[in-house]
>>> print(open('run-v5.cif').read())   # mmCIF, C-alpha atoms and all ligand atoms
data_entry
loop_
_atom_site.group_PDB
_atom_site.id
_atom_site.type_symbol
_atom_site.label_atom_id
_atom_site.label_comp_id
_atom_site.auth_asym_id
_atom_site.auth_seq_id
_atom_site.Cartn_x
_atom_site.Cartn_y
_atom_site.Cartn_z
ATOM 1 C CA MET A 1 36.977 -66.297 251.012
ATOM 2 C CA ASN A 2 36.279 -62.906 249.534
ATOM 3 C CA ASP A 3 39.336 -60.662 249.434
ATOM 4 C CA TYR A 4 37.259 -57.539 249.357
ATOM 5 C CA TYR A 5 35.496 -57.885 252.693
ATOM 6 C CA ALA A 6 37.040 -56.232 255.693
ATOM 7 C CA ASP A 7 37.192 -58.212 258.943
ATOM 8 C CA ASP A 8 33.945 -56.710 260.144
ATOM 9 C CA GLY A 9 32.158 -57.877 257.014
ATOM 10 C CA TRP A 10 32.190 -54.486 255.322
ATOM 11 C CA LEU A 11 34.294 -53.780 252.307
ATOM 12 C CA TYR A 12 34.908 -50.150 253.126
ATOM 13 C CA LYS A 13 33.535 -47.911 255.824
ATOM 14 C CA ARG A 14 32.337 -45.505 253.181
ATOM 15 C CA CYS A 15 30.668 -45.769 249.822
ATOM 16 C CA ALA A 16 33.293 -45.777 247.075
ATOM 17 C CA TRP A 17 31.182 -43.362 245.047
ATOM 18 C CA CYS A 18 29.615 -40.730 247.344
ATOM 19 C CA GLY A 19 31.966 -41.206 250.299
ATOM 20 C CA LYS A 20 29.133 -41.485 252.832
ATOM 21 C CA PRO A 21 29.184 -44.343 255.309
ATOM 22 C CA GLY A 22 26.628 -47.126 255.238
ATOM 23 C CA THR A 23 24.161 -47.102 258.088
ATOM 24 C CA LYS A 24 23.672 -50.251 260.083
ATOM 25 C CA GLY A 25 21.492 -52.731 258.263
ATOM 26 C CA GLU A 26 21.598 -50.745 255.039
ATOM 27 C CA GLU A 27 21.623 -52.765 251.904
ATOM 28 C CA ILE A 28 25.057 -52.976 250.373
ATOM 29 C CA GLU A 29 26.047 -53.691 246.840
ATOM 30 C CA ILE A 30 29.407 -55.066 245.809
ATOM 31 C CA ILE A 31 30.554 -53.952 242.406
ATOM 32 C CA GLN A 32 32.948 -56.496 241.009
ATOM 33 C CA VAL A 33 35.726 -54.446 239.448
ATOM 34 C CA SER A 34 37.908 -57.395 238.518
ATOM 35 C CA ARG A 35 38.148 -60.970 239.671
ATOM 36 C CA CYS A 36 39.945 -59.979 242.860
ATOM 37 C CA GLU A 37 38.701 -56.468 243.501
ATOM 38 C CA GLY A 38 35.320 -55.139 244.496
ATOM 39 C CA LEU A 39 33.869 -51.862 245.681
ATOM 40 C CA TRP A 40 31.104 -51.178 248.133
ATOM 41 C CA MET A 41 28.412 -48.707 247.142
ATOM 42 C CA HIS A 42 24.917 -47.659 248.032
ATOM 43 C CA PRO A 43 22.698 -49.214 245.375
ATOM 44 C CA PRO A 44 21.602 -45.764 244.025
ATOM 45 C CA CYS A 45 25.261 -44.765 243.721
ATOM 46 C CA THR A 46 26.075 -47.594 241.343
ATOM 47 C CA GLN A 47 24.349 -45.625 238.558
ATOM 48 C CA GLY A 48 26.770 -42.725 238.855
ATOM 49 C CA TYR A 49 29.647 -45.153 239.075
ATOM 50 C CA SER A 50 28.654 -47.068 235.961
ATOM 51 C CA GLU A 51 28.306 -43.804 234.001
ATOM 52 C CA TRP A 52 31.784 -42.827 235.149
ATOM 53 C CA CYS A 53 33.145 -46.238 234.121
ATOM 54 C CA GLU A 54 31.589 -45.818 230.704
ATOM 55 C CA ARG A 55 33.329 -42.457 230.261
ATOM 56 C CA GLU A 56 36.631 -43.947 231.425
ATOM 57 C CA ASP A 57 36.149 -46.836 229.014
ATOM 58 C CA GLU A 58 35.402 -44.461 226.157
ATOM 59 C CA TYR A 59 38.606 -42.549 226.908
ATOM 60 C CA PHE A 60 40.638 -45.767 227.050
ATOM 61 C CA TRP A 61 39.302 -47.169 223.783
ATOM 62 C CA VAL A 62 39.238 -43.919 221.801
ATOM 63 C CA ASN A 63 42.346 -42.129 223.097
ATOM 64 C CA GLU A 64 44.603 -44.996 224.091
ATOM 65 C CA VAL A 65 43.727 -48.145 222.138
ATOM 66 C CA LEU A 66 43.100 -46.401 218.813
ATOM 67 C CA LYS A 67 46.383 -44.474 219.154
ATOM 68 C CA PHE A 68 48.178 -47.746 219.810
ATOM 69 C CA VAL A 69 46.494 -49.312 216.772
ATOM 70 C CA ARG A 70 47.581 -46.372 214.580
ATOM 71 C CA GLY A 71 51.158 -46.684 215.845
ATOM 72 C CA GLU A 72 51.017 -43.312 217.608
ATOM 73 C CA VAL A 73 52.428 -42.603 221.049
ATOM 74 C CA SER A 74 49.971 -44.157 223.458
ATOM 75 C CA PRO A 75 50.019 -44.366 227.260
ATOM 76 C CA ILE A 76 49.498 -48.146 227.031
ATOM 77 C CA LYS A 77 52.494 -49.846 228.621
ATOM 78 C CA PRO A 78 54.067 -53.023 227.252
ATOM 79 C CA GLY A 79 53.133 -56.163 229.124
ATOM 80 C CA THR A 80 49.921 -54.788 230.609
ATOM 81 C CA ALA A 81 46.393 -56.098 230.194
ATOM 82 C CA GLY A 82 45.704 -52.900 228.245
ATOM 83 C CA GLU A 83 48.371 -53.822 225.728
ATOM 84 C CA GLY A 84 46.870 -57.305 225.366
ATOM 85 C CA ALA A 85 43.500 -55.750 224.592
ATOM 86 C CA ALA A 86 45.075 -53.208 222.208
ATOM 87 C CA LYS A 87 46.866 -55.964 220.273
ATOM 88 C CA ILE A 88 43.598 -57.863 219.838
ATOM 89 C CA ALA A 89 41.969 -54.581 218.749
ATOM 90 C CA LYS A 90 44.665 -54.112 216.135
ATOM 91 C CA ASP A 91 44.019 -57.582 214.665
ATOM 92 C CA LEU A 92 40.265 -57.003 214.655
ATOM 93 C CA ILE A 93 40.642 -53.605 212.976
ATOM 94 C CA THR A 94 42.817 -55.148 210.265
ATOM 95 C CA LYS A 95 39.895 -57.433 209.441
ATOM 96 C CA THR A 96 37.130 -54.879 210.117
ATOM 97 C CA PRO A 97 38.485 -51.337 209.561
ATOM 98 C CA SER A 98 35.213 -49.658 210.604
ATOM 99 C CA LEU A 99 36.004 -50.680 214.205
ATOM 100 C CA ALA A 100 38.704 -47.989 214.176
ATOM 101 C CA ARG A 101 36.087 -45.233 213.983
ATOM 102 C CA PRO A 102 35.866 -43.499 217.379
ATOM 103 C CA GLU A 103 32.064 -43.742 217.442
ATOM 104 C CA ASN A 104 32.366 -47.543 217.198
ATOM 105 C CA TRP A 105 34.409 -47.908 220.381
ATOM 106 C CA ARG A 106 31.667 -49.939 222.110
ATOM 107 C CA LEU A 107 31.649 -52.410 219.218
ATOM 108 C CA LEU A 108 35.428 -52.638 219.403
ATOM 109 C CA ARG A 109 35.311 -53.200 223.155
ATOM 110 C CA ALA A 110 32.725 -55.955 222.774
ATOM 111 C CA ALA A 111 34.716 -57.630 219.986
ATOM 112 C CA VAL A 112 37.958 -57.517 221.993
ATOM 113 C CA GLU A 113 36.225 -58.863 225.098
ATOM 114 C CA ALA A 114 34.801 -61.722 223.052
ATOM 115 C CA GLY A 115 38.372 -62.429 221.880
ATOM 116 C CA LEU A 116 39.771 -62.301 225.404
ATOM 117 C CA PHE A 117 37.086 -64.522 226.910
ATOM 118 C CA PRO A 118 35.946 -66.865 224.134
ATOM 119 C CA HIS A 119 34.452 -69.312 226.653
ATOM 120 C CA HIS A 120 33.142 -66.662 228.986
ATOM 121 C CA ARG A 121 31.714 -68.332 232.070
ATOM 122 C CA SER A 122 31.750 -66.603 235.393
ATOM 123 C CA ASN A 123 33.845 -69.296 237.114
ATOM 124 C CA GLU A 124 36.424 -69.399 234.355
ATOM 125 C CA VAL A 125 37.172 -65.754 233.775
ATOM 126 C CA GLY A 126 40.289 -65.883 235.916
ATOM 127 C CA ARG A 127 41.899 -68.760 234.056
ATOM 128 C CA ASP A 128 45.076 -67.888 232.226
HETATM 129 ZN ZN ZN A 201 26.925 -43.822 248.059
#
>>> encode(input="run-v5.cif", output="structure tokens")
Amino acid sequence: MNDYYADDGWLYKRCAWCGKPGTKGEEIEIIQVSRCEGLWMHPPCTQGYSEWCEREDEYFWVNEVLKFVRGEVSPIKPGTAGEGAAKIAKDLITKTPSLARPENWRLLRAAVEAGLFPHHRSNEVGRD
């Protein structure tokens, strides 16, 4: 069972990116946001969405995680997945200080994700 399908087989009535409805028979694309959440979008709209995600990610890693690592006030809340990632980032930066440079946020993200999912296989991502 897929949580993210509505009863009529559509996730949402409208594209999560442009807000326009899908026409009957139109190709749909499910963007897996997390293991239990997905979004429906027109295939051409996924480009805009992924660019937006990249900007959101950059903000998270540069303005939230790096503040946390430096011991500054950060919006990251204790006990959240964000804090888990920030703690791993802190360990990694202790070993590799260049990861703390804002322009290296993609490297930091990749290193933290490798630490979070050391045996990354699609059917095991949800295991705690
Ligand atoms: Zn769209």
>>> resolve_selection(input="run-v5.cif", expression="the PyMOL selection byres (((chain A and resi 89) around 10) and not hetatm)", output="MDAnalysis selection string")
chainID A and resid 61 65:66 68:69 83:88 90:96 99:100 108:109 111:113 115
>>> closest_atom_pairs(input="run-v5.cif", of="chain A", to="ligand ZN 201 (chain A)", cutoff="12 Å", atoms="only C-alpha atoms and all ligand atoms", output="tab-separated table")
residue	atom	partner	partner_atom	distance
A:Tyr12	CA	A:ZN201	ZN	11.4
A:Lys13	CA	A:ZN201	ZN	11.0
A:Arg14	CA	A:ZN201	ZN	7.6
A:Cys15	CA	A:ZN201	ZN	4.6
A:Ala16	CA	A:ZN201	ZN	6.7
A:Trp17	CA	A:ZN201	ZN	5.2
A:Cys18	CA	A:ZN201	ZN	4.2
A:Gly19	CA	A:ZN201	ZN	6.1
A:Lys20	CA	A:ZN201	ZN	5.8
A:Pro21	CA	A:ZN201	ZN	7.6
A:Gly22	CA	A:ZN201	ZN	7.9
A:Thr23	CA	A:ZN201	ZN	10.9
A:Glu26	CA	A:ZN201	ZN	11.2
A:Glu27	CA	A:ZN201	ZN	11.1
A:Ile28	CA	A:ZN201	ZN	9.6
A:Glu29	CA	A:ZN201	ZN	10.0
A:Ile30	CA	A:ZN201	ZN	11.7
A:Leu39	CA	A:ZN201	ZN	10.9
A:Trp40	CA	A:ZN201	ZN	8.5
A:Met41	CA	A:ZN201	ZN	5.2
A:His42	CA	A:ZN201	ZN	4.3
A:Pro43	CA	A:ZN201	ZN	7.4
A:Pro44	CA	A:ZN201	ZN	7.0
A:Cys45	CA	A:ZN201	ZN	4.7
A:Thr46	CA	A:ZN201	ZN	7.7
A:Gln47	CA	A:ZN201	ZN	10.0
A:Gly48	CA	A:ZN201	ZN	9.3
A:Tyr49	CA	A:ZN201	ZN	9.5
>>> atom_distance(input="run-v5.cif", atom1="atom CA of Ser50 of chain A", atom2="atom CA of Arg106 of chain A")
14.5 Å
>>> atom_distance(input="run-v5.cif", atom1="atom CA of Glu51 of chain A", atom2="atom CA of Pro97 of chain A")
27.5 Å
